[in-house]
>>> print(open('model-v9.cif').read())   # mmCIF, C-alpha atoms
data_upload
loop_
_atom_site.group_PDB
_atom_site.id
_atom_site.type_symbol
_atom_site.label_atom_id
_atom_site.label_comp_id
_atom_site.auth_asym_id
_atom_site.auth_seq_id
_atom_site.Cartn_x
_atom_site.Cartn_y
_atom_site.Cartn_z
ATOM 1 C CA MET E 1 0.000 0.000 0.000
ATOM 2 C CA GLY E 2 2.967 2.325 0.645
ATOM 3 C CA LEU E 3 3.713 4.726 3.474
ATOM 4 C CA THR E 4 1.051 7.274 2.569
ATOM 5 C CA GLY E 5 -1.582 4.581 2.106
ATOM 6 C CA ASP E 6 -0.683 2.998 5.452
ATOM 7 C CA LEU E 7 -0.997 6.348 7.231
ATOM 8 C CA LEU E 8 -4.298 7.101 5.536
ATOM 9 C CA ALA E 9 -5.703 3.679 6.424
ATOM 10 C CA ARG E 10 -4.547 4.064 10.031
ATOM 11 C CA TRP E 11 -6.137 7.510 10.313
ATOM 12 C CA ALA E 12 -9.353 6.453 8.608
ATOM 13 C CA SER E 13 -9.738 3.675 11.188
ATOM 14 C CA ARG E 14 -9.661 6.348 13.910
ATOM 15 C CA ARG E 15 -12.611 8.174 12.367
ATOM 16 C CA PRO E 16 -11.857 11.892 11.992
ATOM 17 C CA HIS E 17 -14.246 14.192 13.821
ATOM 18 C CA LEU E 18 -15.738 16.985 11.707
ATOM 19 C CA LEU E 19 -16.798 20.423 12.882
ATOM 20 C CA LEU E 20 -19.038 21.969 10.236
ATOM 21 C CA ALA E 21 -19.246 25.739 9.792
ATOM 22 C CA ALA E 22 -21.854 26.702 7.193
ATOM 23 C CA ALA E 23 -22.460 30.092 5.640
ATOM 24 C CA PRO E 24 -26.063 31.158 4.981
ATOM 25 C CA GLY E 25 -27.165 29.975 1.561
ATOM 26 C CA ALA E 26 -24.863 26.919 1.568
ATOM 27 C CA THR E 27 -27.600 24.419 2.433
ATOM 28 C CA ALA E 28 -26.841 22.048 -0.443
ATOM 29 C CA ALA E 29 -23.134 21.887 0.437
ATOM 30 C CA ARG E 30 -23.893 21.388 4.139
ATOM 31 C CA LEU E 31 -26.346 18.557 3.468
ATOM 32 C CA ALA E 32 -23.825 16.844 1.189
ATOM 33 C CA VAL E 33 -21.115 17.052 3.873
ATOM 34 C CA GLU E 34 -23.410 15.665 6.565
ATOM 35 C CA ALA E 35 -24.588 12.829 4.330
ATOM 36 C CA HIS E 36 -21.035 11.851 3.343
ATOM 37 C CA ALA E 37 -19.877 11.940 6.965
ATOM 38 C CA ASP E 38 -22.792 9.712 7.964
ATOM 39 C CA ARG E 39 -22.013 7.171 5.228
ATOM 40 C CA ALA E 40 -18.315 7.158 6.144
ATOM 41 C CA GLY E 41 -19.024 6.810 9.869
ATOM 42 C CA TRP E 42 -17.273 10.091 10.685
ATOM 43 C CA PRO E 43 -18.779 11.766 13.757
ATOM 44 C CA LEU E 44 -19.752 15.438 13.798
ATOM 45 C CA ALA E 45 -17.897 17.103 16.669
ATOM 46 C CA ALA E 46 -19.678 19.130 19.337
ATOM 47 C CA SER E 47 -16.788 21.545 19.894
ATOM 48 C CA PRO E 48 -13.324 22.429 18.536
ATOM 49 C CA ALA E 49 -11.701 20.459 21.360
ATOM 50 C CA ASP E 50 -13.312 17.278 20.005
ATOM 51 C CA ALA E 51 -12.582 18.009 16.329
ATOM 52 C CA ASP E 52 -9.651 17.555 13.992
ATOM 53 C CA LEU E 53 -11.267 18.523 10.677
ATOM 54 C CA LEU E 54 -12.905 21.898 10.068
ATOM 55 C CA VAL E 55 -15.294 21.912 7.121
ATOM 56 C CA VAL E 56 -16.463 25.307 5.893
ATOM 57 C CA ALA E 57 -19.529 25.086 3.661
ATOM 58 C CA GLY E 58 -20.095 28.026 1.343
ATOM 59 C CA GLN E 59 -18.480 31.454 1.238
ATOM 60 C CA PRO E 60 -18.729 33.253 4.601
ATOM 61 C CA GLY E 61 -18.680 37.037 4.795
ATOM 62 C CA SER E 62 -15.928 38.879 6.648
ATOM 63 C CA GLU E 63 -17.521 38.789 10.116
ATOM 64 C CA LEU E 64 -18.471 35.115 9.875
ATOM 65 C CA ALA E 65 -15.036 34.272 8.445
ATOM 66 C CA ALA E 66 -13.395 35.970 11.437
ATOM 67 C CA ALA E 67 -15.541 33.925 13.826
ATOM 68 C CA ILE E 68 -14.580 30.731 11.986
ATOM 69 C CA GLU E 69 -10.899 31.671 12.322
ATOM 70 C CA ARG E 70 -11.343 32.033 16.098
ATOM 71 C CA VAL E 71 -12.865 28.559 16.190
ATOM 72 C CA TRP E 72 -10.012 27.194 14.062
ATOM 73 C CA ASP E 73 -7.477 28.578 16.560
ATOM 74 C CA GLN E 74 -9.058 26.359 19.240
ATOM 75 C CA PHE E 75 -8.469 23.110 17.339
ATOM 76 C CA PRO E 76 -5.867 20.798 18.896
ATOM 77 C CA GLY E 77 -3.335 19.138 16.625
ATOM 78 C CA PRO E 78 -3.292 17.432 14.281
ATOM 79 C CA ARG E 79 -5.842 19.391 12.343
ATOM 80 C CA ALA E 80 -6.909 20.102 8.795
ATOM 81 C CA ARG E 81 -9.505 22.264 7.102
ATOM 82 C CA VAL E 82 -11.362 22.268 3.815
ATOM 83 C CA ARG E 83 -13.916 24.529 2.122
ATOM 84 C CA ILE E 84 -16.807 22.973 0.217
ATOM 85 C CA ILE E 85 -18.594 25.189 -2.293
ATOM 86 C CA ASN E 86 -20.137 22.660 -4.679
ATOM 87 C CA PRO E 87 -21.828 19.511 -3.336
ATOM 88 C CA SER E 88 -20.191 17.504 -6.128
ATOM 89 C CA GLY E 89 -16.789 18.191 -4.571
ATOM 90 C CA VAL E 90 -17.602 16.847 -1.124
ATOM 91 C CA ALA E 91 -16.069 13.373 -1.442
ATOM 92 C CA SER E 92 -12.796 14.512 -3.005
ATOM 93 C CA GLY E 93 -12.471 17.514 -0.677
ATOM 94 C CA LEU E 94 -13.076 15.568 2.522
ATOM 95 C CA HIS E 95 -10.816 12.666 1.595
ATOM 96 C CA ALA E 96 -8.010 15.049 0.610
ATOM 97 C CA ALA E 97 -8.320 16.704 4.034
ATOM 98 C CA VAL E 98 -8.255 13.308 5.766
ATOM 99 C CA ALA E 99 -5.116 12.457 3.772
ATOM 100 C CA ARG E 100 -3.492 15.630 5.123
ATOM 101 C CA LEU E 101 -4.442 14.570 8.633
ATOM 102 C CA ALA E 102 -2.885 11.160 8.057
ATOM 103 C CA GLY E 103 0.445 12.794 7.307
ATOM 104 C CA THR E 104 0.612 14.771 10.555
ATOM 105 C CA GLU E 105 1.955 13.731 13.928
ATOM 106 C CA ARG E 106 -0.429 13.401 16.843
ATOM 107 C CA LYS E 107 0.028 16.126 19.454
ATOM 108 C CA LEU E 108 -1.414 16.521 22.908
ATOM 109 C CA PRO E 109 -4.374 18.935 22.749
ATOM 110 C CA ASP E 110 -4.133 22.251 24.508
ATOM 111 C CA PRO E 111 -6.955 22.171 27.079
ATOM 112 C CA GLY E 112 -7.393 25.916 26.782
ATOM 113 C CA PRO E 113 -8.479 28.269 29.534
ATOM 114 C CA ASP E 114 -11.753 26.438 30.161
ATOM 115 C CA GLY E 115 -10.292 22.935 30.023
ATOM 116 C CA GLY E 116 -11.579 22.056 26.578
ATOM 117 C CA GLY E 117 -11.467 24.947 24.171
ATOM 118 C CA SER E 118 -14.330 27.407 24.373
ATOM 119 C CA TRP E 119 -16.933 27.203 21.644
ATOM 120 C CA ARG E 120 -19.047 30.033 22.939
ATOM 121 C CA HIS E 121 -17.545 33.508 22.362
ATOM 122 C CA GLY E 122 -18.171 36.610 24.412
ATOM 123 C CA HIS E 123 -19.076 39.865 22.688
ATOM 124 C CA GLY E 124 -16.602 42.697 23.116
ATOM 125 C CA GLY E 125 -19.254 45.407 23.090
ATOM 126 C CA HIS E 126 -20.562 44.553 26.573
ATOM 127 C CA ASP E 127 -19.462 46.160 29.822
ATOM 128 C CA GLY E 128 -17.273 44.150 32.156
ATOM 129 C CA MET E 129 -13.827 42.610 31.932
ATOM 130 C CA SER E 130 -12.914 40.046 29.314
ATOM 131 C CA MET E 131 -12.035 36.590 30.590
ATOM 132 C CA PRO E 132 -9.837 33.971 28.881
ATOM 133 C CA GLY E 133 -11.699 32.217 26.097
ATOM 134 C CA GLY E 134 -13.784 35.272 25.258
ATOM 135 C CA LEU E 135 -16.344 34.982 28.095
ATOM 136 C CA MET E 136 -17.151 38.107 30.068
ATOM 137 C CA MET E 137 -16.758 38.478 33.819
ATOM 138 C CA ALA E 138 -20.080 38.927 35.576
ATOM 139 C CA GLU E 139 -21.240 42.379 36.596
ATOM 140 C CA ARG E 140 -23.811 43.299 39.243
ATOM 141 C CA ALA E 141 -27.406 44.367 38.592
ATOM 142 C CA GLU E 142 -30.751 44.235 40.379
ATOM 143 C CA ASP E 143 -32.929 41.220 39.587
ATOM 144 C CA ARG E 144 -36.726 41.014 39.626
ATOM 145 C CA ASP E 145 -36.711 40.646 43.444
ATOM 146 C CA GLY E 146 -34.599 43.746 43.936
ATOM 147 C CA LEU E 147 -31.462 41.792 44.837
ATOM 148 C CA LYS E 148 -28.005 42.422 43.415
ATOM 149 C CA LEU E 149 -27.044 39.391 41.317
ATOM 150 C CA ASP E 150 -24.332 38.724 38.793
ATOM 151 C CA VAL E 151 -25.183 39.423 35.153
ATOM 152 C CA LEU E 152 -23.343 37.296 32.601
ATOM 153 C CA HIS E 153 -23.219 38.276 28.923
ATOM 154 C CA LEU E 154 -23.037 35.333 26.517
ATOM 155 C CA ALA E 155 -23.013 34.973 22.763
ATOM 156 C CA LEU E 156 -24.119 31.625 21.314
ATOM 157 C CA GLY E 157 -22.907 30.891 17.798
ATOM 158 C CA PRO E 158 -22.231 31.308 14.998
ATOM 159 C CA VAL E 159 -20.361 27.956 14.837
ATOM 160 C CA LEU E 160 -22.300 25.417 16.872
ATOM 161 C CA THR E 161 -23.432 21.915 15.992
ATOM 162 C CA ASP E 162 -26.982 21.814 14.533
ATOM 163 C CA TRP E 163 -27.151 25.614 14.708
ATOM 164 C CA PRO E 164 -28.697 27.776 11.957
ATOM 165 C CA ALA E 165 -26.002 29.070 9.606
ATOM 166 C CA GLY E 166 -24.479 32.352 10.745
ATOM 167 C CA LEU E 167 -26.844 32.831 13.685
ATOM 168 C CA VAL E 168 -25.559 34.665 16.771
ATOM 169 C CA VAL E 169 -27.798 34.896 19.845
ATOM 170 C CA GLU E 170 -26.601 37.365 22.485
ATOM 171 C CA LEU E 171 -27.918 36.884 26.019
ATOM 172 C CA SER E 172 -27.773 38.639 29.365
ATOM 173 C CA VAL E 173 -28.267 35.993 32.054
ATOM 174 C CA GLN E 174 -28.890 36.629 35.746
ATOM 175 C CA GLY E 175 -28.935 33.459 37.792
ATOM 176 C CA ASP E 176 -31.211 31.097 35.858
ATOM 177 C CA VAL E 177 -33.165 33.917 34.184
ATOM 178 C CA VAL E 178 -32.495 35.338 30.731
ATOM 179 C CA GLN E 179 -32.936 39.085 31.199
ATOM 180 C CA SER E 180 -32.488 40.047 27.566
ATOM 181 C CA ALA E 181 -31.781 38.374 24.240
ATOM 182 C CA SER E 182 -31.127 39.515 20.697
ATOM 183 C CA ALA E 183 -30.333 37.646 17.493
ATOM 184 C CA ARG E 184 -28.589 38.461 14.231
ATOM 185 C CA VAL E 185 -27.305 36.510 11.242
ATOM 186 C CA LEU E 186 -23.778 37.005 9.903
ATOM 187 C CA PRO E 187 -24.184 37.172 6.115
ATOM 188 C CA PRO E 188 -22.281 35.243 3.450
ATOM 189 C CA ALA E 189 -19.796 36.914 1.119
ATOM 190 C CA ASP E 190 -22.522 37.133 -1.525
ATOM 191 C CA PRO E 191 -25.921 37.994 0.018
ATOM 192 C CA THR E 192 -27.696 36.921 -3.184
ATOM 193 C CA ALA E 193 -26.640 33.336 -2.375
ATOM 194 C CA VAL E 194 -29.454 33.235 0.194
ATOM 195 C CA ARG E 195 -32.575 32.395 -1.789
ATOM 196 C CA PRO E 196 -36.032 31.120 -0.802
ATOM 197 C CA TYR E 197 -36.128 27.354 -0.436
ATOM 198 C CA PRO E 198 -37.276 25.556 -2.497
ATOM 199 C CA ASP E 199 -36.561 27.500 -5.686
ATOM 200 C CA VAL E 200 -37.898 25.128 -8.372
ATOM 201 C CA ASP E 201 -41.075 25.224 -10.457
ATOM 202 C CA HIS E 202 -41.790 21.524 -10.891
ATOM 203 C CA PRO E 203 -44.493 20.542 -8.332
ATOM 204 C CA ARG E 204 -42.935 17.162 -7.510
ATOM 205 C CA LEU E 205 -39.474 18.647 -6.959
ATOM 206 C CA ARG E 206 -40.966 21.470 -4.931
ATOM 207 C CA ARG E 207 -42.784 19.035 -2.624
ATOM 208 C CA ARG E 208 -39.633 16.932 -2.293
ATOM 209 C CA ARG E 209 -37.480 19.924 -1.409
ATOM 210 C CA GLN E 210 -40.063 21.118 1.078
ATOM 211 C CA ALA E 211 -39.918 17.695 2.736
ATOM 212 C CA VAL E 212 -36.113 17.868 2.775
ATOM 213 C CA ALA E 213 -36.258 21.310 4.407
ATOM 214 C CA HIS E 214 -38.738 20.167 7.068
ATOM 215 C CA LEU E 215 -36.775 17.010 7.882
ATOM 216 C CA ASP E 216 -33.555 19.016 8.073
ATOM 217 C CA SER E 217 -35.109 21.466 10.527
ATOM 218 C CA LEU E 218 -36.627 18.624 12.542
ATOM 219 C CA SER E 219 -33.321 16.756 12.782
ATOM 220 C CA ARG E 220 -31.528 19.849 14.056
ATOM 221 C CA LEU E 221 -34.262 20.642 16.574
ATOM 222 C CA TRP E 222 -34.222 17.108 17.974
ATOM 223 C CA ALA E 223 -30.432 17.146 18.177
ATOM 224 C CA VAL E 224 -30.425 20.423 20.098
ATOM 225 C CA VAL E 225 -33.103 19.312 22.596
ATOM 226 C CA GLY E 226 -31.289 16.027 23.238
ATOM 227 C CA TRP E 227 -32.940 13.274 21.173
ATOM 228 C CA PRO E 228 -30.062 11.962 19.018
ATOM 229 C CA ALA E 229 -31.950 8.869 17.816
ATOM 230 C CA GLY E 230 -34.817 10.947 16.449
ATOM 231 C CA ALA E 231 -32.364 13.371 14.860
ATOM 232 C CA ALA E 232 -30.499 10.520 13.154
ATOM 233 C CA THR E 233 -33.739 9.071 11.752
ATOM 234 C CA ALA E 234 -34.804 12.461 10.376
ATOM 235 C CA ARG E 235 -31.376 12.907 8.758
ATOM 236 C CA ARG E 236 -31.527 9.502 7.093
ATOM 237 C CA LEU E 237 -34.960 10.264 5.660
ATOM 238 C CA ARG E 238 -33.741 13.706 4.558
ATOM 239 C CA ASP E 239 -30.705 12.261 2.806
ATOM 240 C CA ALA E 240 -32.828 9.588 1.099
ATOM 241 C CA LEU E 241 -35.062 12.299 -0.336
ATOM 242 C CA VAL E 242 -32.016 14.257 -1.531
ATOM 243 C CA ASP E 243 -30.819 11.061 -3.284
ATOM 244 C CA ASP E 244 -34.252 10.730 -4.921
ATOM 245 C CA VAL E 245 -35.098 7.474 -3.150
ATOM 246 C CA PRO E 246 -38.834 6.709 -3.635
#
>>> encode(input="model-v9.cif", output="structure tokens")
Amino acid sequence: MGLTGDLLARWASRRPHLLLAAAPGATAARLAVEAHADRAGWPLAASPADADLLVVAGQPGSELAAAIERVWDQFPGPRARVRIINPSGVASGLHAAVARLAGTERKLPDPGPDGGGSWRHGHGGHDGMSMPGGLMMAERAEDRDGLKLDVLHLALGPVLTDWPAGLVVELSVQGDVVQSASARVLPPADPTAVRPYPDVDHPRLRRRRQAVAHLDSLSRLWAVVGWPAGAATARRLRDALVDDVP
């Protein structure tokens, strides 16, 4: 098989863990990556600390690209990254990235300031002092009972597993109560890439794409609320529809 083939086979047996960062409008590329990973038995990582392959789907805009770079900096070694624009290039792109991983030497991961590499980033526009990993130190404010409690500012996203592409949700949390929340979407490099879904005229294809969209949303919802078996079933049905299975 040769040295390169031996390394690739050894790495493939260890199942690379993928962290997927999708730009808005890159639904087709994201679905193709998830389907290929499922067929290959490659797990989707929950955080950078658990990942060794970063897959960027689509063309992120400048703000989203900067957030993806911060996530990439939290990857332990060895690591590799690949960008998927066209669904037809998923297999070749992913296997080339795995081949690059196979040629690297395993290093001990840096636990990072929070013991595992933060995947939730603080927002610099809030008051308070910045903590390692991007989280903000708590500040004091009155709660609904008139007591002085710590207020923690958190930003969820934009690179989280089963998270809508580019979504950032900013929260102010006091104890177990969310005092305020706002949401925004970091756009892709080309805003015209985000089009209504489905975008076909044929009734059968439209119904099929609508079913794909609903199953995709359902799988992500069930994954987020903690039902992995239901999420996996919805993904399999989604991918079968994409492959035009009756």
>>> axis_aligned_box(input="model-v9.cif", around="segment 25-44 of chain E", padding_each_side="3 Å", output="lines of an AutoDock Vina configuration file")
center_x = -22.4
center_y = 18.4
center_z = 6.7
size_x = 16.3
size_y = 29.2
size_z = 20.2
>>> resolve_selection(input="model-v9.cif", expression="the PyMOL selection byres ((chain E and resi 216) around 10)", output="list of chain:residue names")
E:Thr27, E:Leu31, E:Asp162, E:Gln210, E:Ala211, E:Val212, E:Ala213, E:His214, E:Leu215, E:Ser217, E:Leu218, E:Ser219, E:Arg220, E:Leu221, E:Ala231, E:Ala234, E:Arg235, E:Arg236, E:Leu237, E:Arg238, E:Asp239
>>> residues_around(input="model-v9.cif", residues="segment 45-57 of chain E", least_positions_apart="3", cutoff="7 Å", atoms="only C-alpha atoms", output="number ranges by chain")
E: 16-23, 26, 29-30, 71, 74-76, 78-85, 116-117, 119, 161
>>> residues_near_point(input="model-v9.cif", point="(-26.3, 37.2, 14.1)", cutoff="6 Å", atoms="only C-alpha atoms", output="PyMOL selection string")
chain E and resi 167-168+183-186
>>> closest_residue(input="model-v9.cif", among="E:Ala96, E:Leu171, E:Ala102, E:Leu241", to="Arg207 of chain E", atoms="only C-alpha atoms")
E:Leu241
>>> closest_residue(input="model-v9.cif", among="E:Val90, E:Val178, E:Val33, E:Ala165", to="Val194 of chain E", atoms="only C-alpha atoms")
E:Ala165
